[in-house]
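Input: a single structure, listed below in structure tokens.
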Amino acid sequence: MPTSSHQPRNDSPGVPWPDMVKFVRQLSHDIRNNLNAVELQSAFLAELAEDAEMKNEVQRLREMISQIGISLQRLTGGLSQTNPNLISYPAADFVEDLKQKLEKEFPENAVKVTWDAQLKDATLQVDPQLAQEAFLEIFGNAFHHERNIKSITAKACIDNNRFVFELREPKARFELSTENWGREPLRNMSQGHYGLGLNRVRSIAEAHGGDFRAEYDRKTSTLITILTLPVLPVEKS
């Protein structure tokens with residue numbers, strides 16, 4: 001009897017990335033509208049509640065609703081277009097402001113960072129909010145994946161008219177490829193994390209005329225994350 005050569009069909013659609021982004025934004029918008037309606041209803045319940053325990057439960061419900069909204073905002077923020085509004089920013093001041101922001105956002109982990117900043121009088125031309133977002137994402141990514149990390153090194157210097165930032169993380173085991181670092185959104189996901197952070201960092205760096213990459217040094221078992229930005233040329237007198 002003849003054997004069948006029929007192969008299973010793979011009809012999974014290859015959805016273009018812009019369409020995926022549009023879908024997620026619309027879905028997030030619709031969900032947040034529903035959350036706003038639930039928030040209004042819960043506020044009404046809080047007014048009706050007379051029992052103290054009931055009031056506390058309604059307040060917990062409202063906090064949960066608020067947290068969901070914040071998570072959706074972060075998700076759509078990771079997909080937003082990168083259009084920097086550039087201003088001149090002394091590199092040394094930028095790093096100092098970044099340190100303060102890091103201490104505020106990650107108070108338990110900021111103390112684990114050893115800084116080495118050699119920036120002279122260089123001046124960046126950056127969007128401060130976007131630039132800080134990119135660097136905080138790099139640190140946050142390191143803290144998230146190495147919860148028991150004891151020390152990491154952050155180095156910032158000027159090399160060949162570029163602001164060069166390196167974050168060195170000790171990693172005894174590292175099996176991922178760094179070839180397409182920051183270019184594979186949605187590849188690695190976990191609860192509350194959707195694989196968009198490093199792609200967002202790359203997008204911000206490139207929008208500033210910079211670069212973002214990583215490499216793993218097997219001799220020292222160290223993951224080195226590198227972000228570069230251009231600096232303003234020094235005016236000659």
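Note on naming: chains are A, B, ... as they come in the structure tokens, residues start from 1 per chain, ligands start from 1 in the order shown.
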
Determine which residues of region 33-148 of chain A receive a DSSP assignment of strand (DSSP E), computed from the backbone, and state them as an MDAnalysis selection string.
-> chainID A and resid 87:90 113:118 123:126

Nearby residues (only C-alpha atoms) at most 12 Å from Glu133 (chain A), same-chain spacing under 2 positions excluded, as a PDB file with C-alpha atoms, in the first residue's frame:
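In the end it all went to result27.pdb:
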ATOM      1  CA  ARG A  74       5.247  49.474  31.817  1.00  0.00           C
ATOM      2  CA  GLY A  77       6.206  51.811  27.644  1.00  0.00           C
ATOM      3  CA  GLY A  78       8.566  49.046  26.576  1.00  0.00           C
ATOM      4  CA  THR A  82      11.932  56.287  20.885  1.00  0.00           C
ATOM      5  CA  PRO A  84      14.634  61.652  22.160  1.00  0.00           C
ATOM      6  CA  LEU A  98      22.111  58.100  37.744  1.00  0.00           C
ATOM      7  CA  LYS A 101      18.241  57.361  40.848  1.00  0.00           C
ATOM      8  CA  LEU A 102      19.703  53.881  41.256  1.00  0.00           C
ATOM      9  CA  GLU A 105      14.868  52.579  42.574  1.00  0.00           C
ATOM     10  CA  VAL A 126      20.925  63.069  25.507  1.00  0.00           C
ATOM     11  CA  ASP A 127      17.310  62.882  26.505  1.00  0.00           C
ATOM     12  CA  PRO A 128      17.844  62.576  30.291  1.00  0.00           C
ATOM     13  CA  GLN A 129      14.646  60.628  30.957  1.00  0.00           C
ATOM     14  CA  LEU A 130      15.202  58.097  28.181  1.00  0.00           C
ATOM     15  CA  ALA A 131      18.907  57.729  28.924  1.00  0.00           C
ATOM     16  CA  PHE A 135      20.737  52.486  32.272  1.00  0.00           C
ATOM     17  CA  LEU A 136      18.264  51.616  35.025  1.00  0.00           C
ATOM     18  CA  GLU A 137      16.948  48.777  32.874  1.00  0.00           C
ATOM     19  CA  ILE A 138      20.490  47.400  32.521  1.00  0.00           C
ATOM     20  CA  PHE A 139      20.974  47.459  36.293  1.00  0.00           C
ATOM     21  CA  GLY A 140      17.486  46.110  36.931  1.00  0.00           C
ATOM     22  CA  ASN A 141      18.106  43.245  34.533  1.00  0.00           C
ATOM     23  CA  GLY A 197      13.715  45.521  28.494  1.00  0.00           C
ATOM     24  CA  LEU A 198      16.981  44.974  26.628  1.00  0.00           C
ATOM     25  CA  ARG A 200      14.144  48.946  24.751  1.00  0.00           C
ATOM     26  CA  VAL A 201      17.707  49.741  25.873  1.00  0.00           C
ATOM     27  CA  ARG A 202      19.044  49.058  22.381  1.00  0.00           C
ATOM     28  CA  SER A 203      16.327  51.234  20.847  1.00  0.00           C
ATOM     29  CA  ILE A 204      17.177  54.132  23.163  1.00  0.00           C
ATOM     30  CA  ALA A 205      20.925  53.802  22.595  1.00  0.00           C
TER      31      ALA A 205
END

Please provide the set of residues having any atom within 9 Å of Leu196 (chain A), restricted to only C-alpha atoms, with same-chain residues fewer than 6 positions apart removed, written as an MDAnalysis selection string.
-> chainID A and resid 75 78:79 182 184:189

Which residues of region 71-133 of chain A sit at most 12 Å from region 30-48 of chain A, using only C-alpha atoms? Give each one's shortest atom pair and distance in Å (one decimal place), in chain and ascending residue order, as CSV.
residue,atom,partner,partner_atom,distance
A:Ser71,CA,A:Arg32,CA,10.4
A:Leu72,CA,A:Arg32,CA,7.7
A:Gln73,CA,A:Arg32,CA,9.1
A:Thr76,CA,A:Arg32,CA,11.4

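Residue nearest Ser88 (chain A), chosen from A:Ala172, A:Val21, A:Val58, A:Leu124 and counting only C-alpha atoms: A:Leu124.
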
Mind checking which residues fall within 9 Å of Ala214 (chain A), counting only C-alpha atoms, ignoring those fewer than 4 positions away in the same chain, and posting them as a list of chain:residue names?
->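 Once the nearby chain positions are removed, what remains is A:Thr178, A:Glu179, A:Asn180, A:Trp181, A:Gly182, A:Leu223, A:Ile224, A:Thr225, A:Ile226, A:Leu227.
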
Would you output that residue set with N, CA, C and O atoms, as an mmCIF file, in the first residue's frame?
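New file out_13.cif:
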data_model
loop_
_atom_site.group_PDB
_atom_site.id
_atom_site.type_symbol
_atom_site.label_atom_id
_atom_site.label_comp_id
_atom_site.auth_asym_id
_atom_site.auth_seq_id
_atom_site.Cartn_x
_atom_site.Cartn_y
_atom_site.Cartn_z
ATOM 1 N N THR A 178 25.276 36.117 22.914
ATOM 2 C CA THR A 178 25.241 37.583 22.988
ATOM 3 C C THR A 178 25.243 38.213 21.596
ATOM 4 O O THR A 178 25.320 39.431 21.472
ATOM 5 N N GLU A 179 25.159 37.379 20.570
ATOM 6 C CA GLU A 179 25.254 37.883 19.190
ATOM 7 C C GLU A 179 24.154 38.887 18.866
ATOM 8 O O GLU A 179 24.404 39.921 18.236
ATOM 9 N N ASN A 180 22.926 38.597 19.293
ATOM 10 C CA ASN A 180 21.798 39.484 19.009
ATOM 11 C C ASN A 180 21.265 40.122 20.289
ATOM 12 O O ASN A 180 20.063 40.280 20.470
ATOM 13 N N TRP A 181 22.172 40.511 21.155
ATOM 14 C CA TRP A 181 21.800 41.066 22.452
ATOM 15 C C TRP A 181 20.901 42.300 22.287
ATOM 16 O O TRP A 181 21.260 43.263 21.621
ATOM 17 N N GLY A 182 19.722 42.249 22.868
ATOM 18 C CA GLY A 182 18.789 43.372 22.770
ATOM 19 C C GLY A 182 18.015 43.412 21.477
ATOM 20 O O GLY A 182 17.309 44.395 21.215
ATOM 21 N N LEU A 223 29.908 38.527 32.631
ATOM 22 C CA LEU A 223 29.100 39.089 31.560
ATOM 23 C C LEU A 223 29.346 40.586 31.534
ATOM 24 O O LEU A 223 29.174 41.277 32.546
ATOM 25 N N ILE A 224 29.744 41.086 30.371
ATOM 26 C CA ILE A 224 30.059 42.505 30.222
ATOM 27 C C ILE A 224 29.012 43.136 29.307
ATOM 28 O O ILE A 224 28.929 42.809 28.122
ATOM 29 N N THR A 225 28.219 44.033 29.861
ATOM 30 C CA THR A 225 27.212 44.762 29.097
ATOM 31 C C THR A 225 27.771 46.144 28.774
ATOM 32 O O THR A 225 28.253 46.850 29.668
ATOM 33 N N ILE A 226 27.710 46.539 27.499
ATOM 34 C CA ILE A 226 28.367 47.765 27.045
ATOM 35 C C ILE A 226 27.353 48.663 26.348
ATOM 36 O O ILE A 226 26.661 48.237 25.415
ATOM 37 N N LEU A 227 27.270 49.900 26.797
ATOM 38 C CA LEU A 227 26.430 50.898 26.146
ATOM 39 C C LEU A 227 27.288 52.121 25.856
ATOM 40 O O LEU A 227 27.955 52.638 26.753
#

Return the single residue from A:Lys150, A:Lys22, A:Arg60, A:Arg162 that is closest to Val231 (chain A), with distances computed using only C-alpha atoms.
->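 Between A:Lys150, A:Lys22, A:Arg60, A:Arg162, the residue approaching Val231 (chain A) most closely is A:Arg162.
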
Pick the closest to Lys120 (chain A) from A:Pro233, A:Pro107, A:Pro90, A:Gly195: which is it, counting only C-alpha atoms?
->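 Counting only C-alpha atoms, the residue closest to Lys120 (chain A) is A:Pro90.
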
Residue with smallest distance to Leu119 (chain A) - pool A:Ile87, A:Ile158, A:Ala134, A:Leu176, counting only C-alpha atoms |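 Among A:Ile87, A:Ile158, A:Ala134, A:Leu176, it is A:Ile158 that comes nearest to Leu119 (chain A).
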
Point-to-point distance in Å for CA of Asn83 (chain A) and CA of Phe165 (chain A) =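 Rounded to one decimal, the two atoms are 21.6 Å apart.
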
Hey, which of A:Ala117, A:Ala52, A:Ile70, A:Val24 ends up closest to Ala92 (chain A)? Count only C-alpha atoms.
->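 Between A:Ala117, A:Ala52, A:Ile70, A:Val24, the residue approaching Ala92 (chain A) most closely is A:Ala117.
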
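Closest to Thr220 (chain A) among A:Lys55, A:His208, A:Lys171, A:His145 is A:Lys171, based on only C-alpha atoms.
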
Between CA of Ala91 (chain A) and CA of Lys104 (chain A), distance in Å (one decimal) |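 Distance reported for this atom pair: 20.1 Å.
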
Pull the helix (DSSP H, G or I) assignments for region 27-195 of chain A out of DSSP run on the backbone, and list those residues as a VMD selection string.
-> chain A and resid 27 to 48 52 to 79 91 to 105 110 to 112 128 to 145

Separation of CA of Gln125 (chain A) from CA of Pro230 (chain A), in Å and rounded to one decimal | 7.6 Å
